[in-house]
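K.L.:
Sending over a structure as structure tokens; questions will come in a sec.
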Amino acid sequence: MSAFAYALAVFILASAVATALFRDVLSTIIVFGAYSLGMAILYTFLLAPDVAMTEAAIGAGVTTLLLLLTIARTARPSTDRLFERVDVPAVVAVGALVVVLTAIVLPEMYELGSTTAPVWSNEDVTQHYIENTYEQTGIHNAVSAVLAAYRGFDTFGEAVVVFAAGISTLLALNREVFA
């Protein structure tokens with residue numbers, strides 16, 4: 001992995017820890033939005049643009065907006081401390097779990113773009129999609145064809161989630177009247 005990927009991983013971990021440790025609700029929401037944005041950038045780096053767009057729209061966008069609207073419409077509790085108290089045994093247990101999982105998972109990961117990755121292991125399937133996508137779907141872009149045709153129900157489900165989040169935002173803002 002590149003230095004950018006390592007820096008991004010450090011940013012994501014730091015923002016996740018900060019989200020858990022901040023005591024102030026507004027600070028937590030802002031850091032959570034930064035975490036979601038970091039995850040969207042990571043998904044883009046890992047060549048998963050559909051997941052990245054969903055994370056950016058729902059995680060960094062709509063969820064952050066709804067949480068900010070919630071604290072704007074409710075009383076914001078005052079805090080004496082900036083951070084929560086740290087439960088040391090819990091941190092040690094979680095840290096050990098992260099180290100063990102990292103030691104198990106990272107050696108099994110394939111290099112980005114590697115031709116030895118499992119996606120290329122069945123050349124018949126891969127070649128089928130490359131050769132027949134346009135004939136079967138009428139879509140020139142193979143990635144769009146997979147999202148729109150082969151994974152149509154999954155993409156439809158994601159669209160329903162985005163639509164529901166948009167309606168929820170409108171309701172929270174009192175911008176739409178449903179008769």
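In the structure tokens, chains take letters A, B, ... by order of appearance, with residues numbered from 1 within each chain and ligands from 1 in the order shown.
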Near region 27-37 of chain A, counting only C-alpha atoms, which residues have an atom at most 7 Å away, once you skip same-chain residues fewer than 2 positions from it, shown as a VMD selection string?
P.N.:
chain A and resid 12 15 to 16 18 to 19 22 24 to 25 39 to 41 55 to 56 59 to 60 64 67
K.L.:
Please provide the set of residues having any atom within 12 Å of region 93-97 of chain A, restricted to only C-alpha atoms, with same-chain residues fewer than 6 positions apart removed, written as a list in words.
P.N.:
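Listed by chain and then number, they are Leu13, Val17, Asp87, Ala103, Ile104 and Val105 of chain A.
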K.L.:
How many Å lie between CA of His128 (chain A) and CA of Tyr110 (chain A), rounded to one decimal?
P.N.:
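A separation of 22.9 Å between them.
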K.L.:
Which residue out of A:Leu46, A:Ile58, A:Leu170, A:Ala72 has the minimum interatomic distance to Ser2 (chain A) when only C-alpha atoms are used?
P.N.:
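Ranked by minimum distance to Ser2 (chain A), first place goes to A:Leu46.
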K.L.:
Can you work out the spacing between CA of Ala142 (chain A) and CA of Thr126 (chain A) in Å, to one decimal?
P.N.:
11.1 Å
K.L.:
Once DSSP has gone over the backbone, tell me which residues of region 85-177 of chain A are in alpha helix (DSSP H), as a ChimeraX atom specification.
P.N.:
/A:88-105,123-137,142-145,152-173
K.L.:
For the atom pair CA of Gly166 (chain A) and CA of Thr54 (chain A), what is the interatomic distance in Å to one decimal place?
P.N.:
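Between CA of Gly166 (chain A) and CA of Thr54 (chain A) the gap is 13.0 Å.
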K.L.:
Would you list the contacts of Val143 (chain A) as a list in words, taking every protein, DNA or RNA residue within 10 Å and counting only C-alpha atoms, but skipping same-chain residues closer than 5 positions in sequence?
P.N.:
Pro49, Asp50, Tyr129, Ile130, Thr133, Ala148, Ala149 and Tyr150 of chain A
K.L.:
With all heavy atoms kept, could you save the residues just selected as a short mmCIF file (atom, residue, chain, number, x, y, z; two decimals), in the first residue's frame?
P.N.:
data_model
loop_
_atom_site.label_atom_id
_atom_site.label_comp_id
_atom_site.auth_asym_id
_atom_site.auth_seq_id
_atom_site.Cartn_x
_atom_site.Cartn_y
_atom_site.Cartn_z
N PRO A 49 -16.24 2.85 -6.32
CA PRO A 49 -16.90 4.16 -6.36
C PRO A 49 -18.35 4.15 -5.92
O PRO A 49 -18.82 5.13 -5.34
CB PRO A 49 -16.77 4.59 -7.82
CG PRO A 49 -16.58 3.32 -8.58
CD PRO A 49 -15.86 2.40 -7.65
N ASP A 50 -19.07 3.04 -6.15
CA ASP A 50 -20.47 3.00 -5.73
C ASP A 50 -20.58 3.02 -4.20
O ASP A 50 -21.42 3.73 -3.63
CB ASP A 50 -21.19 1.79 -6.32
CG ASP A 50 -20.54 0.46 -5.93
OD1 ASP A 50 -19.30 0.42 -5.81
OD2 ASP A 50 -21.27 -0.53 -5.76
N TYR A 129 -18.18 -11.51 -18.61
CA TYR A 129 -18.70 -10.16 -18.37
C TYR A 129 -18.06 -9.14 -19.30
O TYR A 129 -18.73 -8.23 -19.79
CB TYR A 129 -18.51 -9.75 -16.91
CG TYR A 129 -19.48 -10.44 -15.98
CD1 TYR A 129 -19.05 -11.30 -14.99
CD2 TYR A 129 -20.85 -10.24 -16.11
CE1 TYR A 129 -19.94 -11.93 -14.15
CE2 TYR A 129 -21.75 -10.87 -15.28
CZ TYR A 129 -21.29 -11.72 -14.30
OH TYR A 129 -22.18 -12.34 -13.48
N ILE A 130 -16.78 -9.27 -19.52
CA ILE A 130 -16.09 -8.32 -20.40
C ILE A 130 -16.62 -8.42 -21.83
O ILE A 130 -16.86 -7.40 -22.48
CB ILE A 130 -14.57 -8.55 -20.35
CG1 ILE A 130 -14.02 -8.14 -18.98
CG2 ILE A 130 -13.86 -7.77 -21.47
CD1 ILE A 130 -12.57 -8.50 -18.75
N THR A 133 -21.22 -8.07 -21.77
CA THR A 133 -21.97 -7.05 -21.04
C THR A 133 -22.83 -6.18 -21.96
O THR A 133 -24.00 -5.97 -21.70
CB THR A 133 -21.01 -6.17 -20.21
OG1 THR A 133 -20.40 -7.00 -19.23
CG2 THR A 133 -21.73 -5.05 -19.53
N ALA A 148 -26.31 -1.53 -12.73
CA ALA A 148 -27.69 -1.30 -13.16
C ALA A 148 -28.42 -2.58 -13.54
O ALA A 148 -29.63 -2.68 -13.33
CB ALA A 148 -27.70 -0.34 -14.34
N ALA A 149 -27.72 -3.55 -14.11
CA ALA A 149 -28.40 -4.73 -14.61
C ALA A 149 -28.16 -5.96 -13.73
O ALA A 149 -29.10 -6.54 -13.20
CB ALA A 149 -27.94 -5.01 -16.04
N TYR A 150 -26.92 -6.36 -13.59
CA TYR A 150 -26.64 -7.59 -12.86
C TYR A 150 -26.91 -7.46 -11.37
O TYR A 150 -27.29 -8.42 -10.73
CB TYR A 150 -25.19 -8.03 -13.10
CG TYR A 150 -24.87 -8.30 -14.56
CD1 TYR A 150 -23.88 -7.60 -15.22
CD2 TYR A 150 -25.57 -9.26 -15.27
CE1 TYR A 150 -23.58 -7.85 -16.54
CE2 TYR A 150 -25.29 -9.52 -16.60
CZ TYR A 150 -24.29 -8.81 -17.23
OH TYR A 150 -24.01 -9.06 -18.54
#
K.L.:
So which one's closest to Leu21 (chain A), A:Ala172, A:Val86, A:Ala57, A:Val91? Using only C-alpha atoms, please.
P.N.:
A:Val86
K.L.:
Find the residues around Thr70 (chain A) up to 12 Å (only C-alpha atoms counted), leave out those fewer than 3 positions away in its own chain, and share them as an MDAnalysis selection string.
P.N.:
chainID A and resid 25:26 29 63:67 73:76 168:169 171:173
K.L.:
Could you turn the residues from that selection into a file that holds all heavy atoms, as a compact mmCIF listing (two decimals), in the first residue's frame?
P.N.:
# COMPACT_ATOMS: atom_id res chain seq x y z
N VAL A 25 -21.37 16.62 22.29
CA VAL A 25 -22.14 16.01 21.21
C VAL A 25 -21.80 16.63 19.85
O VAL A 25 -21.61 15.92 18.86
CB VAL A 25 -23.66 16.14 21.49
CG1 VAL A 25 -24.47 15.58 20.35
CG2 VAL A 25 -24.02 15.45 22.78
N LEU A 26 -21.69 17.95 19.79
CA LEU A 26 -21.37 18.61 18.52
C LEU A 26 -19.99 18.18 18.01
O LEU A 26 -19.84 17.88 16.82
CB LEU A 26 -21.43 20.13 18.68
CG LEU A 26 -21.12 20.93 17.42
CD1 LEU A 26 -22.13 20.61 16.32
CD2 LEU A 26 -21.13 22.42 17.73
N ILE A 29 -20.26 14.68 16.53
CA ILE A 29 -20.92 14.64 15.22
C ILE A 29 -19.97 15.12 14.13
O ILE A 29 -19.89 14.53 13.06
CB ILE A 29 -22.21 15.48 15.25
CG1 ILE A 29 -23.24 14.82 16.15
CG2 ILE A 29 -22.77 15.67 13.84
CD1 ILE A 29 -24.45 15.68 16.44
N THR A 63 -26.48 11.66 7.30
CA THR A 63 -26.43 11.32 8.72
C THR A 63 -25.91 12.48 9.55
O THR A 63 -26.47 12.82 10.60
CB THR A 63 -25.55 10.07 8.94
OG1 THR A 63 -26.08 9.00 8.18
CG2 THR A 63 -25.51 9.69 10.41
N THR A 64 -24.84 13.11 9.08
CA THR A 64 -24.30 14.27 9.80
C THR A 64 -25.33 15.38 9.88
O THR A 64 -25.52 16.00 10.94
CB THR A 64 -23.01 14.76 9.12
OG1 THR A 64 -22.08 13.68 9.06
CG2 THR A 64 -22.40 15.93 9.87
N LEU A 65 -26.02 15.65 8.78
CA LEU A 65 -27.05 16.69 8.76
C LEU A 65 -28.17 16.36 9.73
O LEU A 65 -28.61 17.23 10.50
CB LEU A 65 -27.60 16.85 7.34
CG LEU A 65 -28.72 17.87 7.19
CD1 LEU A 65 -28.21 19.27 7.48
CD2 LEU A 65 -29.32 17.79 5.80
N LEU A 66 -28.65 15.12 9.71
CA LEU A 66 -29.74 14.75 10.63
C LEU A 66 -29.31 14.84 12.09
O LEU A 66 -30.09 15.29 12.95
CB LEU A 66 -30.24 13.34 10.30
CG LEU A 66 -31.04 13.20 9.00
CD1 LEU A 66 -31.36 11.74 8.73
CD2 LEU A 66 -32.31 14.03 9.06
N LEU A 67 -28.08 14.44 12.40
CA LEU A 67 -27.61 14.55 13.78
C LEU A 67 -27.47 16.01 14.19
O LEU A 67 -27.83 16.38 15.32
CB LEU A 67 -26.27 13.81 13.93
CG LEU A 67 -26.35 12.29 13.85
CD1 LEU A 67 -24.96 11.68 13.82
CD2 LEU A 67 -27.16 11.72 14.99
N ARG A 73 -32.49 21.09 17.44
CA ARG A 73 -33.89 21.12 17.88
C ARG A 73 -34.07 20.64 19.32
O ARG A 73 -35.18 20.67 19.83
CB ARG A 73 -34.74 20.27 16.95
CG ARG A 73 -34.86 20.89 15.58
CD ARG A 73 -35.75 20.05 14.69
NE ARG A 73 -35.92 20.71 13.43
CZ ARG A 73 -37.01 21.39 13.09
NH1 ARG A 73 -37.99 21.51 13.94
NH2 ARG A 73 -37.10 21.95 11.91
N THR A 74 -33.03 20.16 19.92
CA THR A 74 -33.11 19.71 21.31
C THR A 74 -32.11 20.50 22.14
O THR A 74 -31.30 21.25 21.62
CB THR A 74 -32.80 18.20 21.42
OG1 THR A 74 -31.49 17.96 20.92
CG2 THR A 74 -33.80 17.37 20.66
N ALA A 75 -32.16 20.30 23.42
CA ALA A 75 -31.22 20.99 24.31
C ALA A 75 -29.86 20.30 24.23
O ALA A 75 -29.77 19.08 24.32
CB ALA A 75 -31.74 20.97 25.74
N ARG A 76 -28.84 21.09 24.04
CA ARG A 76 -27.48 20.56 23.99
C ARG A 76 -26.93 20.51 25.40
O ARG A 76 -26.79 21.55 26.06
CB ARG A 76 -26.62 21.45 23.10
CG ARG A 76 -25.22 20.94 22.93
CD ARG A 76 -24.48 21.80 21.93
NE ARG A 76 -23.07 21.51 21.96
CZ ARG A 76 -22.16 22.31 21.49
NH1 ARG A 76 -22.50 23.46 20.94
NH2 ARG A 76 -20.90 21.99 21.54
N SER A 168 -36.69 11.88 5.04
CA SER A 168 -36.48 12.14 6.47
C SER A 168 -35.89 13.52 6.69
O SER A 168 -36.28 14.23 7.63
CB SER A 168 -35.55 11.09 7.07
OG SER A 168 -36.09 9.81 6.93
N THR A 169 -34.96 13.92 5.84
CA THR A 169 -34.37 15.24 5.95
C THR A 169 -35.42 16.32 5.72
O THR A 169 -35.48 17.32 6.46
CB THR A 169 -33.21 15.40 4.95
OG1 THR A 169 -32.26 14.37 5.20
CG2 THR A 169 -32.55 16.76 5.08
N LEU A 171 -38.62 16.07 6.20
CA LEU A 171 -39.51 16.08 7.36
C LEU A 171 -38.85 16.77 8.55
O LEU A 171 -39.50 17.51 9.29
CB LEU A 171 -39.92 14.66 7.73
CG LEU A 171 -40.88 13.98 6.76
CD1 LEU A 171 -41.05 12.51 7.12
CD2 LEU A 171 -42.22 14.68 6.74
N ALA A 172 -37.56 16.50 8.76
CA ALA A 172 -36.85 17.13 9.88
C ALA A 172 -36.75 18.64 9.70
O ALA A 172 -36.79 19.39 10.67
CB ALA A 172 -35.47 16.52 10.03
N LEU A 173 -36.63 19.08 8.48
CA LEU A 173 -36.54 20.52 8.20
C LEU A 173 -37.90 21.20 8.11
O LEU A 173 -37.96 22.42 7.97
CB LEU A 173 -35.77 20.75 6.89
CG LEU A 173 -34.29 20.39 6.88
CD1 LEU A 173 -33.73 20.49 5.48
CD2 LEU A 173 -33.54 21.32 7.83
